[in-house]
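To be precise, the following lines are model-v3.tsv, and they hold TSV, C-alpha atoms and all ligand atoms.
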chain	number	residue	atom	x	y	z
N	1	MET	CA	9.21	-74.63	2.15
N	2	ASN	CA	6.84	-74.83	5.11
N	3	PHE	CA	7.62	-78.18	6.77
N	4	CYS	CA	10.78	-80.16	7.59
N	5	SER	CA	11.22	-82.93	5.00
N	6	ASN	CA	13.01	-85.00	7.64
N	7	CYS	CA	10.61	-84.90	10.63
N	8	GLY	CA	7.52	-82.99	9.39
N	9	ALA	CA	7.70	-80.10	11.91
N	10	PRO	CA	7.08	-76.51	10.71
N	11	VAL	CA	10.39	-74.87	9.70
N	12	GLU	CA	11.71	-71.42	10.70
N	13	ILE	CA	13.82	-69.02	8.63
N	14	ARG	CA	16.98	-67.92	10.46
N	15	ILE	CA	20.76	-67.66	10.05
N	16	PRO	CA	22.31	-70.79	11.63
N	17	ALA	CA	25.63	-70.48	13.54
N	18	GLY	CA	28.53	-70.28	11.06
N	19	ASN	CA	26.21	-69.56	8.12
N	20	SER	CA	26.24	-66.42	6.00
N	21	HIS	CA	22.68	-66.66	4.64
N	22	PRO	CA	19.20	-67.16	6.15
N	23	ARG	CA	18.11	-70.80	5.87
N	24	HIS	CA	15.03	-72.91	6.46
N	25	VAL	CA	15.89	-74.55	9.81
N	26	CYS	CA	13.90	-77.21	11.68
N	27	PRO	CA	13.49	-76.34	15.39
N	28	GLN	CA	12.53	-79.96	16.19
N	29	CYS	CA	15.30	-82.07	14.56
N	30	GLY	CA	17.84	-79.33	13.79
N	31	THR	CA	18.11	-80.02	10.05
N	32	ILE	CA	19.26	-77.04	7.98
N	33	HIS	CA	17.47	-77.15	4.60
N	34	TYR	CA	19.80	-75.63	2.02
N	35	GLN	CA	18.41	-74.45	-1.31
N	36	ASN	CA	20.80	-74.39	-4.24
N	37	PRO	CA	20.81	-73.43	-7.91
N	38	LYS	CA	19.78	-76.01	-10.48
N	39	LEU	CA	21.73	-77.12	-13.54
N	40	VAL	CA	19.96	-77.20	-16.90
N	41	VAL	CA	22.00	-79.22	-19.41
N	42	GLY	CA	21.49	-79.60	-23.14
N	43	ALA	CA	23.07	-80.39	-26.49
N	44	LEU	CA	23.67	-78.54	-29.75
N	45	ALA	CA	23.74	-81.53	-32.10
N	46	GLU	CA	25.00	-81.20	-35.67
N	47	TRP	CA	24.23	-83.25	-38.79
N	48	GLU	CA	26.30	-81.96	-41.71
N	49	ASP	CA	25.44	-78.23	-41.92
N	50	ARG	CA	22.23	-78.50	-39.89
N	51	ILE	CA	21.41	-78.51	-36.18
N	52	LEU	CA	18.70	-80.26	-34.21
N	53	LEU	CA	15.88	-78.21	-32.64
N	54	CYS	CA	12.78	-79.30	-30.72
N	55	ARG	CA	9.43	-77.49	-30.62
N	56	ARG	CA	8.14	-77.48	-27.05
N	57	ALA	CA	4.92	-79.35	-26.19
N	58	ILE	CA	5.02	-78.09	-22.58
N	59	GLU	CA	5.05	-74.81	-20.69
N	60	PRO	CA	6.92	-72.55	-20.32
N	61	ARG	CA	7.17	-71.42	-23.95
N	62	HIS	CA	4.82	-74.00	-25.44
N	63	GLY	CA	5.19	-74.04	-29.24
N	64	TYR	CA	8.60	-72.33	-29.25
N	65	TRP	CA	11.80	-73.95	-30.53
N	66	THR	CA	14.74	-74.94	-28.34
N	67	LEU	CA	17.80	-77.14	-28.14
N	68	PRO	CA	17.07	-80.37	-26.23
N	69	ALA	CA	17.87	-79.49	-22.60
N	70	GLY	CA	16.51	-80.01	-19.12
N	71	PHE	CA	17.20	-80.34	-15.42
N	72	MET	CA	20.17	-82.53	-14.58
N	73	GLU	CA	19.33	-85.64	-12.51
N	74	ASN	CA	21.20	-86.97	-9.49
N	75	GLU	CA	23.92	-89.56	-10.13
N	76	GLU	CA	24.64	-88.60	-13.75
N	77	THR	CA	27.37	-86.52	-15.38
N	78	THR	CA	26.70	-83.31	-17.27
N	79	ALA	CA	27.52	-85.05	-20.58
N	80	GLU	CA	25.16	-87.92	-19.69
N	81	ALA	CA	22.45	-85.35	-18.91
N	82	ALA	CA	22.92	-83.76	-22.36
N	83	ALA	CA	22.58	-87.16	-24.07
N	84	ARG	CA	19.58	-88.18	-21.92
N	85	GLU	CA	17.67	-84.96	-22.60
N	86	THR	CA	18.33	-85.35	-26.34
N	87	ALA	CA	17.04	-88.93	-26.19
N	88	GLU	CA	13.93	-87.91	-24.21
N	89	GLU	CA	12.97	-84.81	-26.20
N	90	ALA	CA	14.10	-85.79	-29.70
N	91	CYS	CA	14.43	-89.61	-29.48
N	92	ALA	CA	17.89	-88.99	-30.94
N	93	ARG	CA	21.29	-90.55	-30.33
N	94	ILE	CA	24.29	-88.24	-30.11
N	95	ALA	CA	28.02	-88.32	-29.46
N	96	VAL	CA	28.59	-85.60	-26.87
N	97	GLY	CA	31.60	-83.36	-27.53
N	98	GLU	CA	33.01	-80.36	-25.68
N	99	LEU	CA	31.21	-78.05	-23.28
N	100	TYR	CA	30.23	-75.06	-25.43
N	101	THR	CA	28.36	-72.49	-23.29
N	102	LEU	CA	27.84	-71.82	-19.57
N	103	ILE	CA	25.09	-69.29	-18.97
N	104	ASP	CA	24.30	-68.01	-15.49
N	105	VAL	CA	20.66	-67.09	-14.91
N	106	PRO	CA	20.87	-65.88	-11.30
N	107	HIS	CA	17.38	-64.34	-11.03
N	108	ILE	CA	15.91	-67.84	-11.37
N	109	SER	CA	18.86	-69.61	-9.66
N	110	GLN	CA	19.83	-71.66	-12.69
N	111	VAL	CA	23.05	-72.43	-14.54
N	112	HIS	CA	22.65	-73.57	-18.16
N	113	LEU	CA	25.31	-75.78	-19.77
N	114	ILE	CA	25.18	-76.64	-23.48
N	115	TYR	CA	27.46	-79.25	-25.02
N	116	ARG	CA	28.36	-79.52	-28.69
N	117	ALA	CA	27.37	-82.90	-30.08
N	118	ARG	CA	27.19	-84.95	-33.24
N	119	LEU	CA	23.91	-86.59	-34.28
N	120	LEU	CA	24.62	-90.29	-34.94
N	121	ASP	CA	21.74	-91.06	-37.31
N	122	LEU	CA	18.56	-89.51	-38.74
N	123	ASP	CA	16.20	-91.78	-36.83
N	124	PHE	CA	14.79	-89.06	-34.56
N	125	ARG	CA	11.22	-88.01	-33.74
N	126	ALA	CA	9.35	-85.86	-31.23
N	127	GLY	CA	9.50	-87.16	-27.64
N	128	GLU	CA	6.67	-86.67	-25.13
N	129	GLU	CA	7.70	-83.08	-24.36
N	130	SER	CA	8.07	-82.02	-28.01
N	131	LEU	CA	5.54	-81.16	-30.72
N	132	ASP	CA	8.11	-81.50	-33.48
N	133	VAL	CA	11.82	-82.12	-34.00
N	134	ALA	CA	13.74	-80.96	-37.07
N	135	LEU	CA	17.16	-80.14	-38.52
N	136	PHE	CA	17.76	-76.49	-39.41
N	137	ARG	CA	20.30	-74.71	-41.58
N	138	GLU	CA	21.44	-71.31	-40.28
N	139	GLU	CA	19.20	-69.42	-42.75
N	140	ASP	CA	16.15	-71.37	-41.59
N	141	ILE	CA	16.53	-70.94	-37.82
N	142	PRO	CA	13.25	-69.51	-36.43
N	143	TRP	CA	15.04	-66.74	-34.49
N	144	GLU	CA	11.79	-65.07	-33.41
N	145	GLN	CA	10.45	-68.33	-32.02
N	146	ILE	CA	13.38	-69.49	-29.89
N	147	ALA	CA	12.11	-70.44	-26.43
N	148	PHE	CA	14.90	-69.14	-24.14
N	149	ARG	CA	17.54	-66.41	-24.26
N	150	SER	CA	20.31	-68.84	-23.25
N	151	ILE	CA	19.46	-71.00	-26.27
N	152	GLY	CA	19.38	-68.04	-28.68
N	153	LEU	CA	22.76	-66.87	-27.33
N	154	THR	CA	24.25	-70.35	-27.76
N	155	LEU	CA	22.97	-70.59	-31.34
N	156	ARG	CA	24.39	-67.16	-32.25
N	157	HIS	CA	27.81	-68.14	-30.83
N	158	PHE	CA	27.66	-71.39	-32.79
N	159	PHE	CA	27.03	-69.79	-36.18
N	160	ASP	CA	29.56	-66.99	-35.47
N	161	ASP	CA	32.26	-69.50	-34.46
N	162	ARG	CA	31.49	-71.72	-37.45
N	163	ARG	CA	31.77	-68.76	-39.82
N	164	ARG	CA	35.11	-67.74	-38.29
N	165	GLY	CA	36.32	-71.35	-38.28
N	166	HIS	CA	37.37	-70.96	-34.65
N	167	TRP	CA	35.60	-72.74	-31.81
N	168	SER	CA	35.82	-71.57	-28.22
N	169	PHE	CA	33.93	-71.97	-24.98
N	170	HIS	CA	31.58	-69.07	-24.19
N	171	SER	CA	30.08	-67.90	-20.92
N	172	ALA	CA	27.56	-65.21	-20.08
N	173	SER	CA	25.25	-64.05	-17.34
N	174	LEU	CA	21.65	-63.08	-18.08
N	175	ALA	CA	19.91	-60.23	-16.27
N	176	PRO	CA	16.17	-60.44	-15.57
N	177	PRO	CA	14.13	-59.66	-18.70
N	178	PRO	CA	12.35	-56.30	-18.85
N	179	ALA	CA	8.87	-56.39	-17.26
N	180	ALA	CA	6.22	-57.28	-19.83
W	1	MET	CA	13.05	-87.07	2.47
W	2	ASN	CA	10.15	-88.35	4.64
W	3	PHE	CA	7.62	-85.50	4.69
W	4	CYS	CA	6.25	-83.02	2.13
W	5	SER	CA	7.97	-79.65	2.62
W	6	ASN	CA	4.84	-77.95	1.28
W	7	CYS	CA	2.03	-79.50	3.38
W	8	GLY	CA	3.78	-81.77	5.92
W	9	ALA	CA	2.16	-85.07	4.83
W	10	PRO	CA	4.31	-88.22	4.50
W	11	VAL	CA	5.67	-88.56	0.95
W	12	GLU	CA	5.65	-91.63	-1.29
W	13	ILE	CA	8.26	-92.71	-3.85
W	14	ARG	CA	6.77	-93.34	-7.29
W	15	ILE	CA	7.16	-92.41	-10.97
W	16	PRO	CA	4.74	-89.54	-11.72
W	17	ALA	CA	2.97	-89.41	-15.12
W	18	GLY	CA	5.36	-88.13	-17.80
W	19	ASN	CA	8.43	-88.63	-15.58
W	20	SER	CA	11.32	-90.95	-16.33
W	21	HIS	CA	12.62	-91.35	-12.77
W	22	PRO	CA	11.07	-92.27	-9.37
W	23	ARG	CA	10.37	-89.13	-7.33
W	24	HIS	CA	9.25	-88.21	-3.83
W	25	VAL	CA	5.58	-87.35	-4.43
W	26	CYS	CA	3.08	-85.96	-1.91
W	27	PRO	CA	-0.24	-87.87	-1.99
W	28	GLN	CA	-1.97	-85.01	-0.12
W	29	CYS	CA	-1.03	-81.87	-2.11
W	30	GLY	CA	0.42	-83.50	-5.25
W	31	THR	CA	3.81	-81.76	-5.09
W	32	ILE	CA	6.61	-83.63	-6.89
W	33	HIS	CA	9.83	-83.11	-4.91
W	34	TYR	CA	12.71	-83.16	-7.41
W	35	GLN	CA	16.24	-83.73	-6.16
W	36	ASN	CA	19.04	-82.34	-8.31
W	37	PRO	CA	22.85	-82.25	-8.35
W	38	LYS	CA	24.62	-79.47	-6.50
W	39	LEU	CA	27.21	-77.10	-7.89
W	40	VAL	CA	30.45	-76.61	-5.95
W	41	VAL	CA	32.28	-73.51	-7.21
W	42	GLY	CA	35.79	-72.29	-6.39
W	43	ALA	CA	38.78	-70.24	-7.47
W	44	LEU	CA	42.39	-70.93	-8.36
W	45	ALA	CA	43.84	-67.52	-7.46
W	46	GLU	CA	47.35	-66.52	-8.55
W	47	TRP	CA	49.80	-64.02	-7.07
W	48	GLU	CA	52.95	-63.87	-9.20
W	49	ASP	CA	54.18	-67.49	-9.35
W	50	ARG	CA	52.17	-68.64	-6.33
W	51	ILE	CA	48.62	-69.87	-5.78
W	52	LEU	CA	46.28	-69.52	-2.83
W	53	LEU	CA	45.36	-72.59	-0.75
W	54	CYS	CA	43.26	-72.93	2.41
W	55	ARG	CA	43.69	-75.56	5.13
W	56	ARG	CA	40.27	-76.87	6.14
W	57	ALA	CA	38.98	-76.25	9.68
W	58	ILE	CA	35.86	-78.36	9.02
W	59	GLU	CA	34.91	-81.89	8.01
W	60	PRO	CA	35.18	-83.54	5.60
W	61	ARG	CA	38.98	-83.56	5.26
W	62	HIS	CA	39.73	-81.42	8.32
W	63	GLY	CA	43.38	-80.28	8.21
W	64	TYR	CA	43.81	-80.92	4.48
W	65	TRP	CA	44.55	-78.20	1.91
W	66	THR	CA	42.14	-77.07	-0.80
W	67	LEU	CA	41.29	-74.27	-3.17
W	68	PRO	CA	38.61	-71.98	-1.74
W	69	ALA	CA	35.34	-73.54	-2.97
W	70	GLY	CA	31.86	-74.36	-1.73
W	71	PHE	CA	28.21	-74.85	-2.55
W	72	MET	CA	26.76	-72.24	-4.88
W	73	GLU	CA	23.93	-70.15	-3.38
W	74	ASN	CA	20.65	-69.22	-5.01
W	75	GLU	CA	20.53	-65.90	-6.89
W	76	GLU	CA	24.25	-65.63	-7.61
W	77	THR	CA	26.35	-66.36	-10.71
W	78	THR	CA	29.05	-69.01	-10.78
W	79	ALA	CA	31.75	-66.29	-10.90
W	80	GLU	CA	30.15	-64.54	-7.92
W	81	ALA	CA	30.13	-67.86	-6.06
W	82	ALA	CA	33.87	-68.27	-6.70
W	83	ALA	CA	34.58	-64.77	-5.36
W	84	ARG	CA	32.28	-65.22	-2.34
W	85	GLU	CA	33.83	-68.54	-1.33
W	86	THR	CA	37.31	-66.99	-1.62
W	87	ALA	CA	36.20	-64.07	0.56
W	88	GLU	CA	34.63	-66.40	3.15
W	89	GLU	CA	37.40	-69.00	3.40
W	90	ALA	CA	40.48	-66.86	2.78
W	91	CYS	CA	39.22	-63.30	3.46
W	92	ALA	CA	40.76	-62.53	0.07
W	93	ARG	CA	39.69	-60.32	-2.82
W	94	ILE	CA	40.07	-61.69	-6.36
W	95	ALA	CA	39.38	-60.76	-9.96
W	96	VAL	CA	37.64	-63.82	-11.39
W	97	GLY	CA	38.86	-64.89	-14.84
W	98	GLU	CA	37.87	-67.78	-17.11
W	99	LEU	CA	36.22	-71.05	-16.15
W	100	TYR	CA	39.11	-73.51	-15.86
W	101	THR	CA	37.78	-76.96	-14.88
W	102	LEU	CA	34.40	-78.71	-14.79
W	103	ILE	CA	34.54	-81.96	-12.86
W	104	ASP	CA	31.55	-84.29	-12.66
W	105	VAL	CA	31.29	-86.29	-9.44
W	106	PRO	CA	28.15	-88.32	-10.19
W	107	HIS	CA	28.36	-90.76	-7.26
W	108	ILE	CA	27.76	-87.82	-4.90
W	109	SER	CA	25.58	-85.85	-7.38
W	110	GLN	CA	27.93	-82.88	-7.56
W	111	VAL	CA	29.45	-80.79	-10.34
W	112	HIS	CA	32.62	-78.88	-9.43
W	113	LEU	CA	33.53	-75.68	-11.30
W	114	ILE	CA	36.87	-73.95	-10.71
W	115	TYR	CA	37.62	-70.50	-12.11
W	116	ARG	CA	41.05	-69.02	-12.68
W	117	ALA	CA	41.48	-65.79	-10.72
W	118	ARG	CA	43.98	-63.09	-9.80
W	119	LEU	CA	44.55	-62.21	-6.16
W	120	LEU	CA	44.15	-58.43	-5.82
W	121	ASP	CA	46.27	-57.87	-2.68
W	122	LEU	CA	48.10	-59.78	0.05
W	123	ASP	CA	45.68	-58.83	2.81
W	124	PHE	CA	44.25	-62.34	3.30
W	125	ARG	CA	43.80	-64.52	6.38
W	126	ALA	CA	41.99	-67.66	7.47
W	127	GLY	CA	38.19	-67.38	7.46
W	128	GLU	CA	35.93	-69.28	9.88
W	129	GLU	CA	36.16	-72.53	7.91
W	130	SER	CA	39.97	-72.43	7.48
W	131	LEU	CA	42.84	-73.20	9.86
W	132	ASP	CA	45.37	-71.45	7.65
W	133	VAL	CA	45.64	-69.72	4.27
W	134	ALA	CA	48.90	-69.45	2.32
W	135	LEU	CA	50.47	-68.88	-1.10
W	136	PHE	CA	52.34	-71.87	-2.58
W	137	ARG	CA	54.87	-72.23	-5.36
W	138	GLU	CA	54.54	-75.41	-7.43
W	139	GLU	CA	57.45	-77.10	-5.63
W	140	ASP	CA	55.85	-76.44	-2.25
W	141	ILE	CA	52.32	-77.75	-2.97
W	142	PRO	CA	51.41	-80.33	-0.29
W	143	TRP	CA	50.30	-82.93	-2.86
W	144	GLU	CA	49.76	-85.65	-0.24
W	145	GLN	CA	47.54	-83.36	1.81
W	146	ILE	CA	45.14	-82.08	-0.85
W	147	ALA	CA	41.56	-82.47	0.42
W	148	PHE	CA	39.69	-83.51	-2.74
W	149	ARG	CA	40.51	-85.27	-6.02
W	150	SER	CA	38.84	-82.55	-8.11
W	151	ILE	CA	41.17	-79.98	-6.52
W	152	GLY	CA	44.30	-82.09	-7.08
W	153	LEU	CA	43.28	-82.61	-10.72
W	154	THR	CA	42.73	-78.88	-11.21
W	155	LEU	CA	46.11	-78.04	-9.68
W	156	ARG	CA	47.92	-80.58	-11.90
W	157	HIS	CA	46.25	-79.13	-15.03
W	158	PHE	CA	47.24	-75.64	-13.89
W	159	PHE	CA	50.94	-76.39	-13.49
W	160	ASP	CA	51.01	-78.45	-16.72
W	161	ASP	CA	49.31	-75.68	-18.71
W	162	ARG	CA	51.60	-73.03	-17.18
W	163	ARG	CA	54.68	-75.07	-18.08
W	164	ARG	CA	53.46	-75.50	-21.68
W	165	GLY	CA	52.45	-71.84	-21.87
W	166	HIS	CA	49.04	-72.88	-23.23
W	167	TRP	CA	45.83	-72.49	-21.24
W	168	SER	CA	42.71	-74.46	-21.98
W	169	PHE	CA	39.49	-75.48	-20.28
W	170	HIS	CA	39.54	-79.02	-18.83
W	171	SER	CA	36.73	-81.37	-17.92
W	172	ALA	CA	36.69	-84.77	-16.24
W	173	SER	CA	34.40	-87.20	-14.50
W	174	LEU	CA	35.42	-88.87	-11.24
W	175	ALA	CA	34.49	-92.47	-10.44
W	176	PRO	CA	33.84	-93.47	-6.82
W	177	PRO	CA	37.08	-93.92	-4.87
W	178	PRO	CA	38.16	-97.49	-4.06
W	179	ALA	CA	36.67	-98.76	-0.79
W	180	ALA	CA	38.97	-97.99	2.15
N	201	ZN	ZN	12.89	-81.61	11.33
N	202	ZN	ZN	2.22	-82.08	0.28
Encoding of this model in structure tokens:
Amino acid sequence: MNFCSNCGAPVEIRIPAGNSHPRHVCPQCGTIHYQNPKLVVGALAEWEDRILLCRRAIEPRHGYWTLPAGFMENEETTAEAAARETAEEACARIAVGELYTLIDVPHISQVHLIYRARLLDLDFRAGEESLDVALFREEDIPWEQIAFRSIGLTLRHFFDDRRRGHWSFHSASLAPPPAA
Amino acid sequence: MNFCSNCGAPVEIRIPAGNSHPRHVCPQCGTIHYQNPKLVVGALAEWEDRILLCRRAIEPRHGYWTLPAGFMENEETTAEAAARETAEEACARIAVGELYTLIDVPHISQVHLIYRARLLDLDFRAGEESLDVALFREEDIPWEQIAFRSIGLTLRHFFDDRRRGHWSFHSASLAPPPAA
């Protein structure tokens, strides 16, 4: 951030009165520009013993498989975000169930939320941001080609819980990956 | 948003290629300025049969009681945010437990997360944003002076779950309040 989005003046970085953290502050109009973590919301949708994965047509992780998920929009709920992302990326209709995982990714200031969901019909296809969309049994999951650690973690919890016959909410925090 | 925070040019509102929603777009440098919901994170901290509430010294809801909670900062986890807000508003140290409630507040583009927590000692006092901090038994909760609906809902779930002896995660979505 270089300029004030309110008045267009160059911003300064300083700790405003009563604040604990340095902020981008506008010396002309006084606006404090807070920056906050973003929510990424998605769905783990089931059809019988299979789950819905999308192969990414965009960076990052072009060509890798993921659950449908993306940045939450203003003026929607987290469950609505999960259904919208599934519609956009997989052209699929789901019934959203319970929140299943919350994964903190503090080094990129994100919080990932994945809901369990039920696929309502088989009339799905790749959306604009997907190369392919398919249903996978556990033994067919492309574990080496999963796009994001939070998605791999969610899938492992899912198959573990299903095997045990006991479903519970899971949370985790991811550290930065090792340098390449 | 009136000006591009990157280059300072006036922004336009339009739907960029491949986007589903209208965005603030900079015609000079091409930056798409996304706006996303904010996370508010807090703690329901117990000490024996009492819970910790803060009386707000700031607007909105000056003088009303709340759980310590506030906007999540970049580069922290949700559990760290709950502990930090409790330290800032109640000068209290807690052990953060499980996520307890997720409350969508789409009309103000917020998601509220409240963690259960254990107060580690009785050495607490009002922080800068609080008029008072105190421990309350269920029968002493000032129900008519609770600052926010998401906090009242969380407190009611807490006392219900404690009475039943069965703890579970709760989620809800709040509609806009009736016009005054
Ligand atoms: Zn300004
Ligand atoms: Zn610009």
For chain N, list the residues within 8 Å of chain W, counting only C-alpha atoms, and write the list as a ChimeraX atom specification.
/N:1-10,18,35-39,71-78,104-109,111,128,173
What's around Asp132 of chain W at 12 Å? Count all atoms listed in the file, leave out sequence neighbours fewer than 6 positions away in its own chain, and write the answer as a PyMOL selection string.
chain W and resi 52-58+62-68+89-91+124-126
Suppose you want the space between atom CA of Asp160 of chain W and atom CA of Leu120 of chain W; what is it in Å?
23.8 Å
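Remark: for ligand ZN 201 (chain N), the closest of the candidate residues N:His33, N:Arg23, N:Arg14, N:Arg164 is N:His33 (distances computed over all atoms listed in the file).
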Which residue gives the smallest distance to Leu113 of chain N among N:Val41, N:Leu131, N:Asp140, N:Ile146, with all atoms listed in the file counted?
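Comparing N:Val41, N:Leu131, N:Asp140, N:Ile146 against Leu113 of chain N, the winner is N:Val41.
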Contacts of Pro16 of chain N within 8 Å, all atoms listed in the file, excl. fewer than 6 positions in-chain, as a ChimeraX atom specification
/N:22-23,25,32
Mind giving me the straight-line distance from atom CA of Pro176 of chain N to atom CA of Ala82 of chain N in Å, one decimal?
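Separation of atom CA of Pro176 of chain N and atom CA of Ala82 of chain N: 25.2 Å.
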Which one of W:Cys26, W:Ala69, W:Leu119, W:Leu135 sits closest to ligand ZN 202 (chain N) if you count only C-alpha atoms and all ligand atoms?
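Ranked by minimum distance to ligand ZN 202 (chain N), first place goes to W:Cys26.
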Among the residues W:Trp47, W:Tyr100, W:Phe148, W:Tyr115, the one that comes closest to Ala83 of chain W [using only C-alpha atoms]:
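Checking each of W:Trp47, W:Tyr100, W:Phe148, W:Tyr115 against Ala83 of chain W, counting only C-alpha atoms, the winner is W:Tyr115.
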Can you measure atom CA of Ala87 of chain N to atom CA of Asp123 of chain N for me? One decimal in Å is fine.
11.0 Å
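Each of W:His112, W:Arg137, W:Arg84, W:His24 was compared to Ile151 of chain W using only C-alpha atoms, and W:His112 turns out to be the nearest.
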Selection: 9 Å around Arg116 of chain N, all atoms listed in the file, excl. self and same-chain fewer than 5 positions, as a VMD selection string:
chain N and resid 42 to 46 95 to 101
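For the residues N:Ile15, N:Ala134, N:Ala147, N:Ala92, ranking by smallest atom-to-atom distance to Asp121 of chain N using all atoms listed in the file places N:Ala92 first.
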